[in-house]
Amino acid sequence: MLSFKEVGRVSKYIGSTYQTFFAELDCTVALVEQEMEEHRHLAFRSRIAKIFVHLRKTKADTGFLAISDAMSRHGMDPSMLIGILDSNRSILFQDEALSERWLKTKLSDNDALVIADHVDVKSYFSLFLELGLPPKTVDDFDDNYRNKKTRVKITALLKALIKETKPRPTVNALLLAMRECDMDTESVIRALKPS
């Protein structure tokens, strides 16, 4: 069974044949299209992750092998899946200009507002999966912040993540998650790094 982080990561590799791919995993076209339409404000990868999350809840036997087989049958390269496993992940953000000490700095509540300005508003769902928040928590914030601007919601999510995660997330964890979600890490480094 893939973790929610791994679900978010595998979503990166699902392409235009997503309907037949999910049909191969016994997910109805109607459900796939409903999820795609309901979350049209999100990036394609995040919408695919939403479908995977639903599938994970309803079909507990949809694991790594089933996903790999479905990818093979629909022209996708299943060898990419090896890189999504937590056990195969780089644990330190690679940038020669950044010290390991700074990367291990714990994020503070004050950092949330700064970070929120650099989060891709269409990809926040995938980012928070990568940062370890369960999908239900992100969905709850979506409901509670329905009539607020997306950056306000992202800031609130970041504050909750920083406050409730033990041990507190580090700059390193944030940068690794942002890089995984193809977000601009350079701008957030400039914003967070002391002069």
# chains A, B, ... in the order shown; residues from 1 in each chain; ligands from 1
>>> residues_around(residues="stretch 147-153 of chain A", least_positions_apart="3", cutoff="9 Å", atoms="only C-alpha atoms", output="PDB file with C-alpha atoms, in the first residue's frame")
ATOM      1  CA  LEU A 113       3.399  33.744   5.780  1.00  0.00           C
ATOM      2  CA  ALA A 116       2.889  30.854   1.532  1.00  0.00           C
ATOM      3  CA  ASP A 117       3.922  33.567  -0.938  1.00  0.00           C
ATOM      4  CA  VAL A 119       3.703  28.056  -2.858  1.00  0.00           C
ATOM      5  CA  VAL A 121      -1.612  27.819  -5.454  1.00  0.00           C
ATOM      6  CA  PHE A 141      -9.063  23.342   5.454  1.00  0.00           C
ATOM      7  CA  ASP A 142     -10.590  23.510   1.954  1.00  0.00           C
ATOM      8  CA  ASP A 143     -14.043  23.397   3.567  1.00  0.00           C
ATOM      9  CA  ASN A 144     -13.222  25.836   6.381  1.00  0.00           C
ATOM     10  CA  ALA A 156      -3.263  28.491   7.766  1.00  0.00           C
ATOM     11  CA  LEU A 157      -2.239  25.019   6.560  1.00  0.00           C
ATOM     12  CA  LEU A 158       1.436  25.894   6.987  1.00  0.00           C
TER      13      LEU A 158
END
>>> residues_around(residues="stretch 100-112 of chain A", least_positions_apart="6", cutoff="10 Å", atoms="only C-alpha atoms", output="count of residues only")
27
>>> closest_atom_pairs(of="stretch 26-90 of chain A", to="stretch 7-11 of chain A", cutoff="12 Å", atoms="only C-alpha atoms", output="Markdown table")
| residue | atom | partner | partner_atom | distance |
| --- | --- | --- | --- | --- |
| A:Ala43 | CA | A:Ser11 | CA | 11.0 |
| A:Phe44 | CA | A:Ser11 | CA | 8.8 |
| A:Arg45 | CA | A:Ser11 | CA | 5.5 |
| A:Ser46 | CA | A:Gly8 | CA | 7.4 |
| A:Arg47 | CA | A:Ser11 | CA | 8.5 |
| A:Ile48 | CA | A:Ser11 | CA | 5.6 |
| A:Ala49 | CA | A:Gly8 | CA | 5.3 |
| A:Lys50 | CA | A:Gly8 | CA | 8.5 |
| A:Ile51 | CA | A:Ser11 | CA | 9.2 |
| A:Phe52 | CA | A:Val7 | CA | 6.4 |
| A:Val53 | CA | A:Val7 | CA | 7.2 |
| A:His54 | CA | A:Val7 | CA | 10.6 |
| A:Leu55 | CA | A:Val7 | CA | 10.2 |
| A:Arg56 | CA | A:Val7 | CA | 8.7 |
| A:Lys57 | CA | A:Val7 | CA | 11.9 |
| A:Thr62 | CA | A:Val7 | CA | 10.9 |
| A:Gly63 | CA | A:Val7 | CA | 10.0 |
| A:Phe64 | CA | A:Val10 | CA | 9.8 |
| A:Ile67 | CA | A:Val10 | CA | 9.0 |
| A:Ser68 | CA | A:Val10 | CA | 9.9 |
| A:Met71 | CA | A:Val10 | CA | 10.3 |
| A:Met76 | CA | A:Val10 | CA | 11.3 |
| A:Asp77 | CA | A:Val10 | CA | 11.1 |
| A:Pro78 | CA | A:Val10 | CA | 9.7 |
| A:Ser79 | CA | A:Val10 | CA | 11.1 |
| A:Met80 | CA | A:Val10 | CA | 8.4 |
| A:Leu81 | CA | A:Val10 | CA | 6.7 |
| A:Ile82 | CA | A:Val10 | CA | 9.8 |
| A:Gly83 | CA | A:Arg9 | CA | 8.8 |
| A:Ile84 | CA | A:Arg9 | CA | 5.7 |
| A:Leu85 | CA | A:Arg9 | CA | 8.7 |
| A:Asp86 | CA | A:Arg9 | CA | 10.1 |
| A:Arg89 | CA | A:Arg9 | CA | 11.1 |
>>> write_last_selection(atoms="N, CA, C and O atoms", output="short mmCIF file (atom, residue, chain, number, x, y, z; two decimals), in the first residue's frame")
data_model
loop_
_atom_site.label_atom_id
_atom_site.label_comp_id
_atom_site.auth_asym_id
_atom_site.auth_seq_id
_atom_site.Cartn_x
_atom_site.Cartn_y
_atom_site.Cartn_z
N ALA A 43 -3.86 21.89 -10.06
CA ALA A 43 -3.01 21.41 -11.15
C ALA A 43 -3.36 19.95 -11.46
O ALA A 43 -3.90 19.23 -10.62
N PHE A 44 -3.06 19.53 -12.67
CA PHE A 44 -3.37 18.16 -13.12
C PHE A 44 -2.84 17.12 -12.14
O PHE A 44 -3.55 16.19 -11.75
N ARG A 45 -1.61 17.28 -11.72
CA ARG A 45 -1.00 16.31 -10.80
C ARG A 45 -1.79 16.21 -9.49
O ARG A 45 -1.99 15.11 -8.97
N SER A 46 -2.23 17.33 -8.95
CA SER A 46 -3.01 17.31 -7.71
C SER A 46 -4.36 16.65 -7.91
O SER A 46 -4.86 15.95 -7.02
N ARG A 47 -4.96 16.86 -9.08
CA ARG A 47 -6.25 16.20 -9.37
C ARG A 47 -6.08 14.69 -9.46
O ARG A 47 -6.91 13.93 -8.97
N ILE A 48 -4.99 14.27 -10.07
CA ILE A 48 -4.70 12.83 -10.15
C ILE A 48 -4.48 12.28 -8.74
O ILE A 48 -4.96 11.20 -8.40
N ALA A 49 -3.78 13.04 -7.90
CA ALA A 49 -3.55 12.62 -6.51
C ALA A 49 -4.89 12.48 -5.77
O ALA A 49 -5.07 11.54 -4.99
N LYS A 50 -5.82 13.39 -6.02
CA LYS A 50 -7.15 13.30 -5.40
C LYS A 50 -7.84 11.99 -5.79
O LYS A 50 -8.47 11.35 -4.95
N ILE A 51 -7.72 11.59 -7.05
CA ILE A 51 -8.33 10.33 -7.50
C ILE A 51 -7.65 9.16 -6.81
O ILE A 51 -8.32 8.25 -6.32
N PHE A 52 -6.33 9.19 -6.72
CA PHE A 52 -5.59 8.13 -6.02
C PHE A 52 -6.01 8.03 -4.56
O PHE A 52 -6.16 6.94 -4.02
N VAL A 53 -6.18 9.17 -3.90
CA VAL A 53 -6.58 9.17 -2.49
C VAL A 53 -7.95 8.50 -2.35
O VAL A 53 -8.15 7.66 -1.47
N HIS A 54 -8.87 8.86 -3.25
CA HIS A 54 -10.20 8.22 -3.22
C HIS A 54 -10.07 6.71 -3.45
O HIS A 54 -10.68 5.91 -2.74
N LEU A 55 -9.27 6.36 -4.43
CA LEU A 55 -9.07 4.95 -4.75
C LEU A 55 -8.44 4.20 -3.58
O LEU A 55 -8.83 3.07 -3.26
N ARG A 56 -7.50 4.83 -2.92
CA ARG A 56 -6.83 4.21 -1.76
C ARG A 56 -7.82 3.93 -0.64
O ARG A 56 -7.72 2.94 0.05
N LYS A 57 -8.80 4.83 -0.46
CA LYS A 57 -9.82 4.64 0.58
C LYS A 57 -10.79 3.52 0.24
O LYS A 57 -11.23 2.79 1.11
N THR A 62 -5.19 -1.78 -3.92
CA THR A 62 -4.52 -1.08 -5.00
C THR A 62 -3.15 -0.64 -4.51
O THR A 62 -2.97 0.46 -4.00
N GLY A 63 -2.18 -1.52 -4.68
CA GLY A 63 -0.84 -1.25 -4.21
C GLY A 63 0.14 -0.99 -5.33
O GLY A 63 -0.23 -0.79 -6.49
N PHE A 64 1.38 -1.04 -4.98
CA PHE A 64 2.48 -0.74 -5.88
C PHE A 64 2.44 -1.61 -7.15
O PHE A 64 2.56 -1.11 -8.26
N ILE A 67 -0.48 -0.74 -9.55
CA ILE A 67 -0.21 0.54 -10.21
C ILE A 67 0.87 0.37 -11.27
O ILE A 67 0.75 0.87 -12.39
N SER A 68 1.90 -0.37 -10.97
CA SER A 68 2.98 -0.64 -11.92
C SER A 68 2.45 -1.36 -13.16
O SER A 68 2.77 -0.99 -14.29
N MET A 71 0.36 1.00 -15.26
CA MET A 71 1.23 1.94 -15.98
C MET A 71 1.82 1.26 -17.21
O MET A 71 1.83 1.84 -18.30
N MET A 76 3.07 3.93 -19.89
CA MET A 76 3.85 4.71 -18.93
C MET A 76 5.00 3.85 -18.42
O MET A 76 4.90 2.64 -18.41
N ASP A 77 6.05 4.49 -17.99
CA ASP A 77 7.24 3.76 -17.55
C ASP A 77 7.17 3.46 -16.05
O ASP A 77 7.37 4.35 -15.23
N PRO A 78 6.89 2.19 -15.69
CA PRO A 78 6.76 1.86 -14.27
C PRO A 78 8.09 1.89 -13.51
O PRO A 78 8.10 1.91 -12.28
N SER A 79 9.21 1.93 -14.22
CA SER A 79 10.50 1.98 -13.52
C SER A 79 10.65 3.29 -12.74
O SER A 79 11.43 3.38 -11.80
N MET A 80 9.86 4.29 -13.10
CA MET A 80 9.88 5.57 -12.39
C MET A 80 9.38 5.40 -10.95
O MET A 80 9.70 6.20 -10.08
N LEU A 81 8.62 4.35 -10.70
CA LEU A 81 8.03 4.14 -9.38
C LEU A 81 9.07 3.87 -8.29
O LEU A 81 8.82 4.15 -7.12
N ILE A 82 10.20 3.34 -8.68
CA ILE A 82 11.24 3.04 -7.69
C ILE A 82 11.63 4.31 -6.94
O ILE A 82 11.86 4.29 -5.74
N GLY A 83 11.64 5.43 -7.64
CA GLY A 83 12.04 6.70 -7.04
C GLY A 83 10.99 7.33 -6.14
O GLY A 83 11.27 8.33 -5.48
N ILE A 84 9.78 6.79 -6.08
CA ILE A 84 8.75 7.40 -5.24
C ILE A 84 8.75 6.86 -3.82
O ILE A 84 8.17 7.45 -2.92
N LEU A 85 9.40 5.72 -3.61
CA LEU A 85 9.37 5.09 -2.30
C LEU A 85 10.18 5.90 -1.29
O LEU A 85 11.27 6.37 -1.60
N ASP A 86 9.62 6.05 -0.09
CA ASP A 86 10.32 6.82 0.94
C ASP A 86 11.73 6.29 1.19
O ASP A 86 12.65 7.06 1.44
N ARG A 89 14.48 7.85 -1.11
CA ARG A 89 14.47 9.30 -1.27
C ARG A 89 15.72 9.94 -0.69
O ARG A 89 16.26 9.50 0.32
#
>>> select_by_dssp(residues="stretch 17-193 of chain A", states="helix (DSSP H, G or I)", output="ChimeraX atom specification")
/A:18-24,29-38,44-58,64-73,78-84,86-88,100-103,111-116,124-130,135-144,150-164,171-180,185-192
>>> atom_distance(atom1="atom CA of A:Arg179", atom2="atom CA of A:Asp69")
27.2 Å
>>> residues_around(residues="stretch 14-26 of chain A", least_positions_apart="4", cutoff="7 Å", atoms="only C-alpha atoms", output="mmCIF file with C-alpha atoms, in the first residue's frame")
data_model
loop_
_atom_site.group_PDB
_atom_site.id
_atom_site.type_symbol
_atom_site.label_atom_id
_atom_site.label_comp_id
_atom_site.auth_asym_id
_atom_site.auth_seq_id
_atom_site.Cartn_x
_atom_site.Cartn_y
_atom_site.Cartn_z
ATOM 1 C CA VAL A 32 -12.542 9.942 -12.354
ATOM 2 C CA ALA A 70 -1.531 -0.483 -15.041
ATOM 3 C CA MET A 71 1.225 1.936 -15.980
ATOM 4 C CA HIS A 74 -0.974 2.231 -20.719
#
>>> atom_distance(atom1="atom CA of A:Ile91", atom2="atom CA of A:Lys12")
19.5 Å
>>> atom_distance(atom1="atom CA of A:Met1", atom2="atom CA of A:Glu35")
21.3 Å
>>> decode(residues="stretch 153-168 of chain A", atoms="all heavy atoms", output="short mmCIF file (atom, residue, chain, number, x, y, z; two decimals), in the first residue's frame")
data_model
loop_
_atom_site.label_atom_id
_atom_site.label_comp_id
_atom_site.auth_asym_id
_atom_site.auth_seq_id
_atom_site.Cartn_x
_atom_site.Cartn_y
_atom_site.Cartn_z
N LYS A 153 -5.60 30.32 3.00
CA LYS A 153 -5.74 28.90 3.35
C LYS A 153 -4.36 28.24 3.43
O LYS A 153 -4.10 27.47 4.37
CB LYS A 153 -6.61 28.20 2.29
CG LYS A 153 -6.71 26.71 2.48
CD LYS A 153 -7.65 26.04 1.50
CE LYS A 153 -7.54 26.52 0.11
NZ LYS A 153 -8.49 25.90 -0.82
N ILE A 154 -3.49 28.50 2.49
CA ILE A 154 -2.16 27.91 2.49
C ILE A 154 -1.39 28.35 3.73
O ILE A 154 -0.71 27.54 4.37
CB ILE A 154 -1.40 28.27 1.18
CG1 ILE A 154 -2.05 27.54 -0.01
CG2 ILE A 154 0.08 27.93 1.30
CD1 ILE A 154 -1.55 28.01 -1.36
N THR A 155 -1.51 29.62 4.10
CA THR A 155 -0.84 30.12 5.31
C THR A 155 -1.35 29.38 6.54
O THR A 155 -0.57 28.94 7.40
CB THR A 155 -1.05 31.64 5.47
OG1 THR A 155 -0.55 32.30 4.30
CG2 THR A 155 -0.34 32.17 6.69
N ALA A 156 -2.67 29.20 6.63
CA ALA A 156 -3.26 28.49 7.77
C ALA A 156 -2.80 27.03 7.80
O ALA A 156 -2.50 26.49 8.87
CB ALA A 156 -4.79 28.58 7.71
N LEU A 157 -2.73 26.40 6.64
CA LEU A 157 -2.24 25.02 6.56
C LEU A 157 -0.79 24.93 7.02
O LEU A 157 -0.42 24.02 7.76
CB LEU A 157 -2.37 24.49 5.13
CG LEU A 157 -3.70 23.87 4.73
CD1 LEU A 157 -3.85 23.83 3.22
CD2 LEU A 157 -3.82 22.48 5.31
N LEU A 158 0.02 25.88 6.58
CA LEU A 158 1.44 25.89 6.99
C LEU A 158 1.57 26.09 8.49
O LEU A 158 2.36 25.41 9.15
CB LEU A 158 2.19 26.99 6.24
CG LEU A 158 2.55 26.68 4.79
CD1 LEU A 158 2.92 27.94 4.03
CD2 LEU A 158 3.67 25.65 4.71
N LYS A 159 0.78 27.01 9.04
CA LYS A 159 0.83 27.24 10.50
C LYS A 159 0.43 25.98 11.25
O LYS A 159 1.06 25.61 12.25
CB LYS A 159 -0.08 28.41 10.88
CG LYS A 159 0.52 29.75 10.52
CD LYS A 159 -0.36 30.90 10.97
CE LYS A 159 0.31 32.23 10.64
NZ LYS A 159 -0.46 33.37 11.10
N ALA A 160 -0.61 25.30 10.78
CA ALA A 160 -1.05 24.06 11.43
C ALA A 160 0.04 22.99 11.31
O ALA A 160 0.34 22.29 12.29
CB ALA A 160 -2.35 23.57 10.80
N LEU A 161 0.65 22.87 10.13
CA LEU A 161 1.72 21.91 9.93
C LEU A 161 2.88 22.18 10.89
O LEU A 161 3.38 21.27 11.54
CB LEU A 161 2.21 21.97 8.48
CG LEU A 161 3.43 21.11 8.15
CD1 LEU A 161 3.00 19.68 7.89
CD2 LEU A 161 4.18 21.67 6.96
N ILE A 162 3.30 23.43 10.97
CA ILE A 162 4.43 23.81 11.81
C ILE A 162 4.11 23.58 13.29
O ILE A 162 4.93 23.06 14.05
CB ILE A 162 4.84 25.27 11.54
CG1 ILE A 162 5.45 25.38 10.13
CG2 ILE A 162 5.81 25.79 12.59
CD1 ILE A 162 5.61 26.80 9.60
N LYS A 163 2.91 23.93 13.69
CA LYS A 163 2.53 23.83 15.10
C LYS A 163 2.30 22.38 15.54
O LYS A 163 2.68 21.98 16.64
CB LYS A 163 1.25 24.64 15.32
CG LYS A 163 0.76 24.65 16.74
CD LYS A 163 -0.50 25.49 16.85
CE LYS A 163 -1.04 25.44 18.26
NZ LYS A 163 -2.30 26.16 18.37
N GLU A 164 1.68 21.57 14.67
CA GLU A 164 1.22 20.25 15.09
C GLU A 164 2.16 19.10 14.75
O GLU A 164 2.01 18.00 15.26
CB GLU A 164 -0.17 19.99 14.51
CG GLU A 164 -1.20 20.97 15.06
CD GLU A 164 -2.52 20.95 14.30
OE1 GLU A 164 -2.79 19.95 13.59
OE2 GLU A 164 -3.26 21.93 14.42
N THR A 165 3.12 19.32 13.88
CA THR A 165 4.03 18.25 13.49
C THR A 165 5.15 18.14 14.52
O THR A 165 5.79 19.12 14.85
CB THR A 165 4.62 18.50 12.09
OG1 THR A 165 3.56 18.68 11.16
CG2 THR A 165 5.49 17.35 11.65
N LYS A 166 5.36 16.93 15.00
CA LYS A 166 6.43 16.66 15.96
C LYS A 166 7.36 15.61 15.36
O LYS A 166 6.88 14.55 14.98
CB LYS A 166 5.88 16.15 17.30
CG LYS A 166 4.88 17.07 17.95
CD LYS A 166 5.50 18.36 18.42
CE LYS A 166 4.44 19.21 19.11
NZ LYS A 166 4.42 20.57 18.73
N PRO A 167 8.64 15.82 15.24
CA PRO A 167 9.31 17.09 15.48
C PRO A 167 8.91 18.11 14.42
O PRO A 167 8.47 17.74 13.32
CB PRO A 167 10.79 16.74 15.39
CG PRO A 167 10.85 15.54 14.52
CD PRO A 167 9.57 14.78 14.76
N ARG A 168 9.09 19.36 14.77
CA ARG A 168 8.70 20.46 13.89
C ARG A 168 9.44 20.34 12.54
O ARG A 168 10.62 20.00 12.52
CB ARG A 168 9.06 21.77 14.58
CG ARG A 168 8.51 22.98 13.89
CD ARG A 168 8.78 24.20 14.72
NE ARG A 168 7.75 24.31 15.73
CZ ARG A 168 7.39 25.46 16.26
NH1 ARG A 168 7.99 26.57 15.92
NH2 ARG A 168 6.44 25.50 17.16
#
